[in-house]
>>> print(open('my_file-v9.txt').read())   # compact mmCIF, C-alpha atoms (C1' of nucleotides)
# COMPACT_ATOMS: atom_id res chain seq x y z
CA MET A 1 -9.77 -13.73 18.15
CA SER A 2 -12.66 -13.15 15.79
CA LYS A 3 -11.22 -10.09 14.06
CA PRO A 4 -9.37 -11.13 10.93
CA ILE A 5 -7.21 -8.02 10.85
CA ASN A 6 -4.46 -9.47 13.01
CA ASP A 7 -4.91 -13.01 11.79
CA SER A 8 -1.39 -14.37 11.72
CA THR A 9 -2.16 -16.30 8.55
CA TYR A 10 -1.65 -13.11 6.63
CA TRP A 11 -0.50 -10.11 8.63
CA ARG A 12 3.05 -11.29 8.04
CA ASP A 13 2.46 -11.60 4.29
CA PHE A 14 3.90 -8.11 4.15
CA GLU A 15 7.38 -9.46 4.94
CA LYS A 16 7.00 -12.44 2.63
CA ASN A 17 6.08 -10.29 -0.37
CA ASP A 18 7.78 -11.28 -3.63
CA ILE A 19 9.68 -8.01 -3.83
CA THR A 20 10.54 -5.11 -1.55
CA HIS A 21 9.75 -1.51 -2.38
CA SER A 22 13.44 -0.78 -2.64
CA ALA A 23 14.25 -3.73 -4.90
CA ALA A 24 11.37 -2.82 -7.22
CA HIS A 25 12.76 0.67 -7.71
CA TYR A 26 16.26 -0.60 -8.43
CA LEU A 27 14.84 -2.87 -11.13
CA MET A 28 12.70 -0.08 -12.58
CA ALA A 29 15.65 2.30 -12.57
CA ILE A 30 17.79 -0.14 -14.57
CA ASP A 31 14.89 -0.63 -16.99
CA ALA A 32 14.31 3.11 -17.37
CA LEU A 33 17.99 3.90 -17.84
CA ARG A 34 18.41 1.28 -20.55
CA ASP A 35 15.29 2.64 -22.23
CA GLU A 36 16.59 6.17 -22.20
CA TYR A 37 20.35 5.82 -22.63
CA GLY A 38 20.80 2.26 -23.84
CA TYR A 39 22.87 1.27 -20.84
CA ALA A 40 22.81 1.34 -17.03
CA ARG A 41 25.70 1.40 -14.57
CA VAL A 42 25.74 1.29 -10.77
CA THR A 43 26.47 5.01 -10.63
CA ASP A 44 23.58 5.88 -12.95
CA VAL A 45 21.17 3.89 -10.82
CA ALA A 46 22.51 5.53 -7.65
CA GLU A 47 22.06 8.96 -9.20
CA MET A 48 18.56 8.27 -10.45
CA LEU A 49 17.38 6.96 -7.10
CA GLU A 50 19.44 9.49 -5.14
CA VAL A 51 21.16 6.91 -3.00
CA SER A 52 24.90 6.48 -2.39
CA ARG A 53 26.94 4.41 -4.83
CA GLY A 54 27.65 2.03 -1.97
CA ALA A 55 23.96 1.41 -1.35
CA ALA A 56 23.31 0.89 -5.06
CA SER A 57 26.28 -1.46 -5.36
CA MET A 58 25.14 -3.63 -2.45
CA SER A 59 21.48 -3.69 -3.44
CA ILE A 60 22.29 -4.57 -7.03
CA SER A 61 24.57 -7.41 -5.97
CA GLN A 62 21.59 -8.81 -4.04
CA LEU A 63 19.45 -8.54 -7.16
CA LYS A 64 22.13 -10.42 -9.10
CA LYS A 65 22.09 -13.21 -6.52
CA ARG A 66 18.32 -13.44 -6.88
CA GLY A 67 18.74 -13.80 -10.62
CA TRP A 68 16.98 -10.56 -11.53
CA VAL A 69 20.01 -8.63 -12.80
CA THR A 70 23.04 -9.63 -14.87
CA GLU A 71 25.56 -7.83 -17.02
CA ASP A 72 25.66 -7.58 -20.80
CA ALA A 73 28.69 -8.03 -23.02
CA HIS A 74 29.87 -4.51 -22.19
CA ARG A 75 29.51 -5.19 -18.44
CA PHE A 76 26.51 -2.88 -18.21
CA LEU A 77 23.60 -3.81 -15.96
CA LEU A 78 20.88 -5.86 -17.60
CA LEU A 79 17.58 -7.22 -16.35
CA THR A 80 17.06 -10.96 -16.75
CA GLU A 81 13.74 -12.32 -18.00
CA ASP A 82 12.59 -12.68 -14.38
CA GLY A 83 13.88 -9.24 -13.47
CA ARG A 84 12.12 -7.55 -16.35
CA CYS A 85 8.96 -9.43 -15.45
CA MET A 86 9.01 -8.14 -11.88
CA ALA A 87 9.85 -4.61 -12.99
CA GLN A 88 7.02 -4.56 -15.53
CA LEU A 89 4.57 -5.95 -13.03
CA VAL A 90 5.36 -3.24 -10.49
CA GLU A 91 5.36 -0.50 -13.13
CA GLN A 92 2.02 -1.72 -14.40
CA ASN A 93 0.60 -1.68 -10.87
CA PHE A 94 1.91 1.86 -10.45
CA ARG A 95 0.17 3.02 -13.62
CA ILE A 96 -3.05 1.19 -12.77
CA LEU A 97 -3.26 2.58 -9.25
CA GLY A 98 -2.16 6.05 -10.32
CA LYS A 99 -4.75 6.20 -13.09
CA PHE A 100 -7.49 4.82 -10.84
CA PHE A 101 -6.77 7.24 -8.00
CA GLU A 102 -6.43 10.25 -10.26
CA GLU A 103 -8.92 9.66 -13.08
CA VAL A 104 -11.60 7.67 -11.33
CA LEU A 105 -11.41 8.77 -7.69
CA GLY A 106 -10.32 12.31 -8.54
CA VAL A 107 -7.49 12.34 -6.01
CA SER A 108 -4.93 15.13 -6.45
CA PRO A 109 -2.06 14.01 -8.73
CA GLU A 110 0.39 14.54 -5.89
CA THR A 111 -1.41 12.19 -3.50
CA ALA A 112 -2.44 9.77 -6.25
CA LEU A 113 1.15 9.19 -7.35
CA SER A 114 2.50 9.02 -3.81
CA ASP A 115 -0.12 6.45 -2.79
CA ALA A 116 0.34 4.46 -6.00
CA CYS A 117 4.10 4.41 -5.51
CA LYS A 118 3.75 3.07 -1.97
CA MET A 119 1.30 0.35 -2.94
CA GLU A 120 2.58 -0.63 -6.40
CA HIS A 121 4.69 -3.62 -5.32
CA LEU A 122 2.02 -4.97 -2.93
CA MET A 123 -1.03 -5.34 -5.17
CA SER A 124 -1.45 -8.87 -6.52
CA LEU A 125 -1.63 -9.59 -10.23
CA GLU A 126 -5.27 -10.66 -9.86
CA THR A 127 -6.36 -7.49 -8.09
CA GLY A 128 -4.50 -5.33 -10.58
CA ARG A 129 -6.08 -7.04 -13.56
CA ARG A 130 -9.55 -6.75 -12.07
CA LEU A 131 -9.01 -3.08 -11.35
CA VAL A 132 -8.14 -2.59 -15.03
CA TRP A 133 -11.29 -4.49 -15.95
CA LEU A 134 -13.38 -2.18 -13.78
CA MET A 135 -11.75 0.94 -15.16
CA ARG A 136 -12.26 -0.29 -18.69
CA TYR A 137 -15.98 -0.70 -17.95
CA ILE A 138 -16.31 2.66 -16.23
CA LEU A 139 -14.44 4.58 -18.90
CA SER A 140 -15.77 2.70 -21.94
CA ASP A 141 -19.03 4.61 -22.00
CA GLU A 142 -18.94 8.40 -22.21
CA SER A 143 -22.03 9.09 -20.17
CA ARG A 144 -21.11 6.52 -17.54
CA ALA A 145 -17.65 8.04 -17.18
CA ALA A 146 -19.13 11.51 -17.00
CA LYS A 147 -21.56 10.42 -14.30
CA ILE A 148 -18.75 8.95 -12.18
CA HIS A 149 -16.73 12.13 -12.63
CA ASP A 150 -19.74 14.17 -11.54
CA VAL A 151 -20.23 12.01 -8.49
CA MET A 152 -16.57 12.24 -7.52
CA ALA A 153 -16.50 15.97 -8.20
CA CYS A 154 -18.97 16.60 -5.41
CA PHE A 155 -17.07 14.38 -3.02
CA ARG A 156 -17.17 15.45 0.61
CA PRO A 157 -15.46 13.56 3.39
CA GLY A 158 -17.77 12.04 5.97
CA CYS A 159 -21.09 10.30 6.04
CA GLU A 160 -23.30 13.26 6.90
CA SER A 161 -23.26 14.62 3.37
CA ALA A 162 -24.70 11.39 1.94
CA GLU A 163 -28.47 11.05 2.04
CA HIS A 164 -28.30 7.32 2.06
CA CYS A 165 -25.31 5.12 2.78
CA PRO A 166 -25.55 1.52 1.59
CA LEU A 167 -22.19 0.77 3.17
CA CYS A 168 -23.01 1.64 6.77
CA GLU A 169 -26.35 -0.12 6.58
CA GLY A 170 -24.80 -3.31 5.30
CA GLY A 171 -22.35 -3.53 8.20
CA GLN A 172 -19.67 -1.38 9.75
CA CYS A 173 -19.39 2.30 8.87
CA LEU A 174 -16.38 2.87 6.62
CA THR A 175 -15.98 6.56 7.33
CA ALA A 176 -13.07 7.23 9.64
CA PRO A 177 -14.09 9.26 12.67
CA GLU A 178 -12.58 12.73 12.55
CA GLY A 179 -10.65 12.55 15.81
CA ASP A 180 -8.68 15.32 17.46
CA CYS A 181 -5.32 13.58 17.26
CA GLU A 182 -1.96 14.56 15.90
CA PHE A 183 -2.68 12.90 12.57
CA HIS A 184 -5.91 14.72 11.78
CA ARG A 185 -4.48 18.06 12.87
CA LYS A 186 -1.59 17.56 10.44
CA GLU A 187 -4.06 16.49 7.76
CA ARG A 188 -6.11 19.67 8.20
CA ARG A 189 -3.02 21.84 7.81
CA LYS A 190 -2.25 20.35 4.37
CA PRO A 191 -2.75 22.82 1.51
CA GLY A 192 -5.68 21.88 -0.68
CA SER A 193 -6.90 19.23 1.71
CA VAL A 194 -10.55 18.27 1.49
CA ASN A 195 -12.03 18.26 4.97
CA SER A 196 -15.47 18.73 6.36
CA MET B 1 14.38 11.43 -16.43
CA SER B 2 10.91 11.87 -17.82
CA LYS B 3 9.38 8.83 -16.12
CA PRO B 4 7.88 9.84 -12.82
CA ILE B 5 8.07 6.35 -11.35
CA ASN B 6 11.55 6.79 -9.91
CA ASP B 7 11.12 10.46 -9.17
CA SER B 8 13.04 10.95 -5.95
CA THR B 9 10.44 13.43 -4.73
CA TYR B 10 8.28 10.50 -3.79
CA TRP B 11 9.81 7.06 -4.23
CA ARG B 12 11.22 7.41 -0.72
CA ASP B 13 7.81 8.37 0.70
CA PHE B 14 7.53 4.69 1.50
CA GLU B 15 10.14 5.02 4.26
CA LYS B 16 8.71 8.29 5.53
CA ASN B 17 5.21 6.90 5.95
CA ASP B 18 3.45 7.91 9.18
CA ILE B 19 3.37 4.34 10.43
CA THR B 20 5.00 1.02 9.60
CA HIS B 21 3.08 -2.13 8.84
CA SER B 22 4.40 -3.69 12.01
CA ALA B 23 3.55 -0.73 14.26
CA ALA B 24 0.02 -0.59 12.85
CA HIS B 25 -0.58 -4.22 13.80
CA TYR B 26 0.74 -3.73 17.33
CA LEU B 27 -1.70 -0.83 17.79
CA MET B 28 -4.59 -2.78 16.31
CA ALA B 29 -3.78 -5.78 18.49
CA ILE B 30 -3.91 -3.67 21.65
CA ASP B 31 -7.20 -2.17 20.46
CA ALA B 32 -8.69 -5.57 19.64
CA LEU B 33 -7.55 -7.15 22.91
CA ARG B 34 -9.05 -4.35 24.99
CA ASP B 35 -12.27 -4.66 22.99
CA GLU B 36 -12.47 -8.38 23.57
CA TYR B 37 -11.03 -8.88 27.05
CA GLY B 38 -10.98 -5.39 28.54
CA TYR B 39 -7.21 -5.36 28.95
CA ALA B 40 -4.03 -5.96 26.96
CA ARG B 41 -0.60 -7.05 28.18
CA VAL B 42 2.68 -7.48 26.32
CA THR B 43 2.25 -11.24 26.38
CA ASP B 44 -1.27 -11.06 24.94
CA VAL B 45 -0.10 -8.89 22.10
CA ALA B 46 2.83 -11.23 21.42
CA GLU B 47 0.47 -14.19 21.35
CA MET B 48 -2.06 -12.51 19.07
CA LEU B 49 0.57 -11.44 16.55
CA GLU B 50 2.59 -14.63 16.98
CA VAL B 51 5.83 -12.86 17.73
CA SER B 52 8.18 -13.43 20.64
CA ARG B 53 7.56 -11.60 23.92
CA GLY B 54 10.90 -9.89 23.42
CA ALA B 55 9.86 -8.50 20.06
CA ALA B 56 6.53 -7.30 21.44
CA SER B 57 8.21 -5.73 24.44
CA MET B 58 10.68 -3.79 22.32
CA SER B 59 8.16 -2.72 19.70
CA ILE B 60 5.68 -1.56 22.32
CA SER B 61 8.32 0.47 24.13
CA GLN B 62 8.94 2.25 20.82
CA LEU B 63 5.21 2.95 20.51
CA LYS B 64 5.26 4.37 24.05
CA LYS B 65 8.10 6.70 23.10
CA ARG B 66 6.10 7.89 20.10
CA GLY B 67 3.17 8.65 22.39
CA TRP B 68 0.81 6.09 20.89
CA VAL B 69 0.70 3.71 23.83
CA THR B 70 0.57 4.23 27.62
CA GLU B 71 -0.53 2.18 30.59
CA ASP B 72 -3.76 2.47 32.51
CA ALA B 73 -4.15 2.50 36.30
CA HIS B 74 -3.74 -1.28 36.40
CA ARG B 75 -0.53 -1.10 34.31
CA PHE B 76 -2.30 -2.62 31.31
CA LEU B 77 -1.50 -1.35 27.82
CA LEU B 78 -3.66 1.51 26.62
CA LEU B 79 -3.81 3.43 23.35
CA THR B 80 -3.49 7.19 23.63
CA GLU B 81 -5.77 9.47 21.62
CA ASP B 82 -3.14 9.59 18.86
CA GLY B 83 -2.59 5.85 19.03
CA ARG B 84 -6.28 5.04 18.74
CA CYS B 85 -6.52 7.49 15.86
CA MET B 86 -3.76 5.74 13.92
CA ALA B 87 -5.18 2.29 14.71
CA GLN B 88 -8.66 3.28 13.57
CA LEU B 89 -7.33 4.85 10.41
CA VAL B 90 -5.46 1.72 9.41
CA GLU B 91 -8.36 -0.56 10.36
CA GLN B 92 -10.69 1.61 8.34
CA ASN B 93 -8.36 1.41 5.34
CA PHE B 94 -8.23 -2.36 5.74
CA ARG B 95 -12.01 -2.61 5.68
CA ILE B 96 -12.35 -0.20 2.78
CA LEU B 97 -9.78 -1.98 0.63
CA GLY B 98 -11.02 -5.43 1.62
CA LYS B 99 -14.61 -4.56 0.76
CA PHE B 100 -13.61 -2.90 -2.50
CA PHE B 101 -11.44 -5.80 -3.65
CA GLU B 102 -13.94 -8.45 -2.64
CA GLU B 103 -17.33 -6.89 -3.26
CA VAL B 104 -16.62 -4.57 -6.16
CA LEU B 105 -13.70 -6.19 -7.97
CA GLY B 106 -14.76 -9.73 -7.11
CA VAL B 107 -11.30 -10.79 -5.98
CA SER B 108 -11.16 -14.01 -3.95
CA PRO B 109 -11.51 -13.32 -0.19
CA GLU B 110 -8.07 -14.81 0.40
CA THR B 111 -6.31 -12.45 -2.01
CA ALA B 112 -8.56 -9.51 -1.17
CA LEU B 113 -7.69 -9.65 2.52
CA SER B 114 -4.01 -10.30 1.92
CA ASP B 115 -3.75 -7.34 -0.48
CA ALA B 116 -5.78 -5.10 1.82
CA CYS B 117 -3.60 -6.03 4.78
CA LYS B 118 -0.43 -5.15 2.89
CA MET B 119 -1.76 -1.81 1.67
CA GLU B 120 -3.87 -0.70 4.63
CA HIS B 121 -1.25 1.53 6.29
CA LEU B 122 -0.14 3.13 3.02
CA MET B 123 -3.36 4.53 1.60
CA SER B 124 -3.87 8.20 2.40
CA LEU B 125 -6.95 9.47 4.21
CA GLU B 126 -8.05 11.32 1.06
CA THR B 127 -7.81 8.28 -1.19
CA GLY B 128 -9.60 6.09 1.34
CA ARG B 129 -12.45 8.55 1.72
CA ARG B 130 -12.85 8.89 -2.02
CA LEU B 131 -12.86 5.13 -2.44
CA VAL B 132 -15.71 4.97 0.09
CA TRP B 133 -17.52 7.67 -1.88
CA LEU B 134 -17.17 5.67 -5.08
CA MET B 135 -18.35 2.44 -3.43
CA ARG B 136 -21.32 4.25 -1.93
CA TYR B 137 -22.30 5.44 -5.41
CA ILE B 138 -21.79 2.05 -7.02
CA LEU B 139 -23.66 0.11 -4.35
CA SER B 140 -26.41 2.67 -3.69
CA ASP B 141 -28.44 1.62 -6.72
CA GLU B 142 -29.48 -2.02 -7.05
CA SER B 143 -29.33 -2.25 -10.82
CA ARG B 144 -26.05 -0.33 -10.97
CA ALA B 145 -24.50 -2.68 -8.42
CA ALA B 146 -25.85 -5.70 -10.27
CA LYS B 147 -24.41 -4.43 -13.55
CA ILE B 148 -20.96 -4.00 -12.01
CA HIS B 149 -21.16 -7.46 -10.51
CA ASP B 150 -22.12 -8.88 -13.91
CA VAL B 151 -19.22 -7.09 -15.56
CA MET B 152 -16.75 -8.31 -12.96
CA ALA B 153 -18.18 -11.83 -13.08
CA CYS B 154 -17.10 -12.23 -16.68
CA PHE B 155 -13.64 -10.88 -15.95
CA ARG B 156 -10.85 -12.41 -18.01
CA PRO B 157 -7.24 -11.36 -17.69
CA GLY B 158 -5.74 -9.74 -20.72
CA CYS B 159 -6.80 -7.26 -23.34
CA GLU B 160 -7.80 -9.72 -26.06
CA SER B 161 -11.11 -10.54 -24.44
CA ALA B 162 -12.23 -6.91 -24.50
CA GLU B 163 -13.80 -5.70 -27.75
CA HIS B 164 -12.82 -2.15 -27.11
CA CYS B 165 -10.31 -0.83 -24.60
CA PRO B 166 -10.57 2.86 -23.71
CA LEU B 167 -7.49 2.56 -21.52
CA CYS B 168 -5.02 1.42 -24.15
CA GLU B 169 -6.30 3.92 -26.68
CA GLY B 170 -5.92 6.79 -24.25
CA GLY B 171 -2.27 6.02 -23.56
CA GLN B 172 -0.20 3.11 -22.36
CA CYS B 173 -1.70 -0.37 -22.20
CA LEU B 174 -2.36 -1.32 -18.59
CA THR B 175 -2.47 -5.05 -19.12
CA ALA B 176 0.68 -6.74 -17.89
CA PRO B 177 2.33 -8.85 -20.58
CA GLU B 178 2.07 -12.54 -19.70
CA GLY B 179 5.79 -13.28 -19.65
CA ASP B 180 7.42 -16.67 -19.18
CA CYS B 181 9.24 -15.77 -15.98
CA GLU B 182 9.39 -17.34 -12.56
CA PHE B 183 6.62 -15.10 -11.27
CA HIS B 184 4.02 -15.94 -13.90
CA ARG B 185 4.79 -19.64 -13.68
CA LYS B 186 4.20 -19.50 -9.92
CA GLU B 187 1.02 -17.49 -10.52
CA ARG B 188 -0.33 -20.11 -12.93
CA ARG B 189 0.24 -22.88 -10.40
CA LYS B 190 -1.98 -21.13 -7.80
CA PRO B 191 -5.24 -22.96 -7.12
CA GLY B 192 -8.24 -21.05 -8.42
CA SER B 193 -6.08 -18.58 -10.31
CA VAL B 194 -7.70 -16.77 -13.22
CA ASN B 195 -5.41 -16.93 -16.20
CA SER B 196 -5.93 -16.77 -19.91
C1' DA C 1 9.05 -19.39 53.82
C1' DA C 2 10.07 -21.93 49.74
C1' DC C 3 9.34 -23.04 45.18
C1' DA C 4 7.19 -22.85 40.65
C1' DT C 5 5.11 -20.38 37.12
C1' DA C 6 4.06 -16.17 34.60
C1' DA C 7 5.34 -11.65 32.87
C1' DG C 8 8.37 -8.46 31.20
C1' DT C 9 13.00 -6.78 29.90
C1' DT C 10 17.58 -7.05 28.03
C1' DC C 11 21.16 -8.95 25.18
C1' DA C 12 23.52 -11.18 21.27
C1' DT C 13 22.39 -12.12 16.72
C1' DC C 14 20.44 -11.75 12.04
C1' DA C 15 18.42 -9.47 7.77
C1' DT C 16 17.37 -5.37 5.08
C1' DA C 17 18.48 -0.86 3.62
C1' DA C 18 20.58 3.14 4.13
C1' DT C 19 25.21 6.47 4.88
C1' DG C 20 29.95 7.90 4.36
C1' DA C 21 34.73 6.87 4.21
C1' DA C 22 38.40 4.19 2.44
C1' DC C 23 40.25 1.87 -1.15
C1' DA C 24 41.18 -0.45 -5.83
C1' DA C 25 41.01 -0.37 -10.61
C1' DA C 26 40.26 1.63 -15.08
C1' DG C 27 40.55 5.68 -18.31
C1' DA C 28 41.90 10.30 -19.91
C1' DG C 29 45.06 14.01 -20.45
C1' DA C 30 49.52 16.53 -20.16
C1' DT D 1 54.76 7.79 -17.55
C1' DC D 2 52.61 10.18 -14.09
C1' DT D 3 48.52 12.12 -12.37
C1' DC D 4 43.70 13.03 -11.82
C1' DT D 5 38.97 11.56 -12.22
C1' DT D 6 35.51 8.19 -12.57
C1' DT D 7 33.67 3.92 -11.24
C1' DG D 8 32.78 0.30 -8.30
C1' DT D 9 33.44 -2.36 -3.98
C1' DT D 10 34.02 -3.02 0.89
C1' DC D 11 33.71 -1.72 5.67
C1' DA D 12 32.06 0.47 9.93
C1' DT D 13 27.91 2.34 11.44
C1' DT D 14 22.92 3.30 11.97
C1' DA D 15 17.90 2.13 12.23
C1' DT D 16 14.01 -1.17 12.21
C1' DG D 17 12.10 -5.51 13.29
C1' DA D 18 12.55 -10.01 14.10
C1' DT D 19 14.51 -14.50 17.19
C1' DG D 20 15.92 -17.01 21.29
C1' DA D 21 18.23 -17.20 25.57
C1' DA D 22 19.07 -15.26 29.95
C1' DC D 23 17.59 -12.76 33.53
C1' DT D 24 14.58 -10.09 36.91
C1' DT D 25 10.47 -9.38 39.09
C1' DA D 26 6.17 -10.43 40.37
C1' DT D 27 2.24 -13.69 41.63
C1' DG D 28 0.53 -17.82 43.29
C1' DT D 29 0.37 -22.37 45.80
C1' DT D 30 1.55 -25.65 49.15
>>> encode(input="my_file-v9.txt", output="structure tokens")
Amino acid sequence: MSKPINDSTYWRDFEKNDITHSAAHYLMAIDALRDEYGYARVTDVAEMLEVSRGAASMSISQLKKRGWVTEDAHRFLLLTEDGRCMAQLVEQNFRILGKFFEEVLGVSPETALSDACKMEHLMSLETGRRLVWLMRYILSDESRAAKIHDVMACFRPGCESAEHCPLCEGGQCLTAPEGDCEFHRKERRKPGSVNS
Amino acid sequence: MSKPINDSTYWRDFEKNDITHSAAHYLMAIDALRDEYGYARVTDVAEMLEVSRGAASMSISQLKKRGWVTEDAHRFLLLTEDGRCMAQLVEQNFRILGKFFEEVLGVSPETALSDACKMEHLMSLETGRRLVWLMRYILSDESRAAKIHDVMACFRPGCESAEHCPLCEGGQCLTAPEGDCEFHRKERRKPGSVNS
DNA sequence: AACATAAGTTCATCATAATGAACAAAGAGA
DNA sequence: TCTCTTTGTTCATTATGATGAACTTATGTT
């Protein structure tokens, strides 16, 4: 088994992640509600996330057991130090990924935010910080930023459009073959999709 | 609700993703096994992924129902056109993210591969293609690549070490506050971790 | 033919995360 | 006080994805 992709030392990391997508959004909802209204109740969280009150109640009681959520003097929901830490980490990752996808890669805001939201709780602190470092470098110089934007503006999917590809030459080609499967047909039907 | 992070139009996209992390690895395992040995059976897949035969059997029967897996003339597992398409897409995303994290951001191989593996099935085709485009630009010129590597080599977490931060000035600071919570304490204990 | 091993499926069980219905408790108004 | 609404919890159910045990159905070997 030479291919590392199914290496059992990490393909199950997904399950052992510090926080689930769902839990992250419950924490962020409590944070956002307290920010906006000064308090957060089970019903408010349920409404914000558009889940049933039952689901919110059960999920939040799990978060309490994990020590991420408590109640304040008025019995309103409150993030603990650990809970706020997790929420901020995930929110930060969301902003980092969203900004990178949209402002550096030039992905449509729709797709950028959707992708960022899916990946936000899975990116490690180290990777997130380094991505910020890269963005800070790229965007710190006007002409450098402009050059990147120019390059990304004439983005075309596929290898053919590139005169010279340092990626393919250095190993495996990283351009997905445009197959005639269900997925690519759906992709081509998308409004505003960029396809060769 | 001005914050888009909990916007219900996309926080549930996570559940509605085309493929689950688990399903992606079953497909990739079948692909890898056929590549290496010319055939793939339920037991081989179970062994490769280190799951029980029962789990593999049930998961694979789901993949058959979805039309991603069939059997060949010898009753060995075989990816359909759609199945191979999904597998290749996810593998491509894994390679793209892994290469980006490791070779551009300078993340440790361990973390780079773990992060890539978690995110591989969630990155859209558009974002993946654009990330390849960016990498091709960055790595196509020797001095440009060297400059990026220099910049990333002197990476330090936190804002303080940067003289000038175009990210913070343009909006919200993207550097996660170094809180004293369970998560950051664990992070600091990691061997080889980069912390201020 | 008889027996052992290998391969694959099915079942009971568990965990997460959702729904909707039922129910309990707390407040508000006539 | 009685009633109605809001709030929150619990329960039965569903779906996914895992385990381990039991079981069936090959495939060999002597």
>>> interface_residues(input="my_file-v9.txt", of="chain D", to="chain B", cutoff="12 Å", atoms="all atoms listed in the file", output="MDAnalysis selection string")
chainID D and resid 15:22
>>> atom_distance(input="my_file-v9.txt", atom1="C1' of DT10 in chain D", atom2="C1' of DC11 in chain C")
28.1 Å
>>> axis_aligned_box(input="my_file-v9.txt", around="range 17-23 of chain D", padding_each_side="8 Å", output="lines of an AutoDock Vina configuration file")
center_x = 15.6
center_y = -11.4
center_z = 23.4
size_x = 23.0
size_y = 27.7
size_z = 36.2
>>> atom_distance(input="my_file-v9.txt", atom1="CA of Val90 in chain B", atom2="CA of Gly192 in chain B")
29.1 Å
>>> interface_residues(input="my_file-v9.txt", of="chain B", to="chain C", cutoff="8 Å", atoms="all atoms listed in the file", output="compact mmCIF listing (two decimals) with C-alpha atoms, in the frame of the given file")
# COMPACT_ATOMS: atom_id res chain seq x y z
CA VAL B 42 2.68 -7.48 26.32
CA THR B 43 2.25 -11.24 26.38
CA ARG B 53 7.56 -11.60 23.92
CA GLY B 54 10.90 -9.89 23.42
CA SER B 57 8.21 -5.73 24.44
>>> closest_residue(input="my_file-v9.txt", among="A:Lys147, A:Arg34, A:His121, A:Arg156", to="Phe14 in chain A", atoms="all atoms listed in the file")
A:His121
>>> atom_distance(input="my_file-v9.txt", atom1="CA of Asp44 in chain B", atom2="CA of Ala87 in chain B")
17.3 Å
>>> closest_residue(input="my_file-v9.txt", among="B:Glu142, B:Glu120, B:Glu103, B:Asp82", to="chain A", atoms="all atoms listed in the file")
B:Asp82
>>> residues_around(input="my_file-v9.txt", residues="Phe183 in chain B", least_positions_apart="5", cutoff="9 Å", atoms="all atoms listed in the file", output="PDB file with C-alpha atoms, in the frame of the given file")
ATOM      1  CA  ASP A  18       7.780 -11.280  -3.630  1.00  0.00           C
ATOM      2  CA  ASP A  82      12.590 -12.680 -14.380  1.00  0.00           C
ATOM      3  CA  CYS A  85       8.960  -9.430 -15.450  1.00  0.00           C
ATOM      4  CA  MET A  86       9.010  -8.140 -11.880  1.00  0.00           C
TER       5      MET A  86
ATOM      6  CA  ARG B 188      -0.330 -20.110 -12.930  1.00  0.00           C
TER       7      ARG B 188
END
>>> residues_around(input="my_file-v9.txt", residues="Asp150 in chain A", least_positions_apart="3", cutoff="12 Å", atoms="all atoms listed in the file", output="number ranges by chain")
A: 103-106, 143-147, 153-155; B: 133-134, 137
>>> residues_around(input="my_file-v9.txt", residues="Arg129 in chain A", least_positions_apart="6", cutoff="10 Å", atoms="all atoms listed in the file", output="list in words")
Gln92, Asn93, Ile96, Met123 and Met135 of chain A; Leu105, Val107, Phe155, Arg156, Pro157, Gly158, Cys159, Leu174, Thr175, Ala176 and Val194 of chain B
>>> decode(input="my_file-v9.txt", residues="range 93-99 of chain B", atoms="N, CA, C and O atoms", output="short mmCIF file (atom, residue, chain, number, x, y, z; two decimals), in the first residue's frame")
data_model
loop_
_atom_site.label_atom_id
_atom_site.label_comp_id
_atom_site.auth_asym_id
_atom_site.auth_seq_id
_atom_site.Cartn_x
_atom_site.Cartn_y
_atom_site.Cartn_z
N ASN B 93 -8.17 16.55 -5.34
CA ASN B 93 -8.26 17.57 -4.29
C ASN B 93 -7.26 17.30 -3.18
O ASN B 93 -6.64 18.23 -2.64
N PHE B 94 -7.11 16.03 -2.84
CA PHE B 94 -6.14 15.65 -1.80
C PHE B 94 -4.73 16.07 -2.21
O PHE B 94 -4.00 16.68 -1.43
N ARG B 95 -4.38 15.77 -3.46
CA ARG B 95 -3.03 16.12 -3.92
C ARG B 95 -2.83 17.62 -4.00
O ARG B 95 -1.79 18.14 -3.64
N ILE B 96 -3.85 18.31 -4.48
CA ILE B 96 -3.77 19.77 -4.60
C ILE B 96 -3.57 20.40 -3.23
O ILE B 96 -2.64 21.18 -3.02
N LEU B 97 -4.44 20.04 -2.29
CA LEU B 97 -4.35 20.62 -0.95
C LEU B 97 -3.05 20.23 -0.26
O LEU B 97 -2.38 21.07 0.36
N GLY B 98 -2.68 18.96 -0.38
CA GLY B 98 -1.45 18.49 0.24
C GLY B 98 -0.24 19.25 -0.27
O GLY B 98 0.60 19.71 0.51
N LYS B 99 -0.18 19.40 -1.59
CA LYS B 99 0.95 20.11 -2.21
C LYS B 99 0.96 21.58 -1.80
O LYS B 99 2.00 22.14 -1.47
#
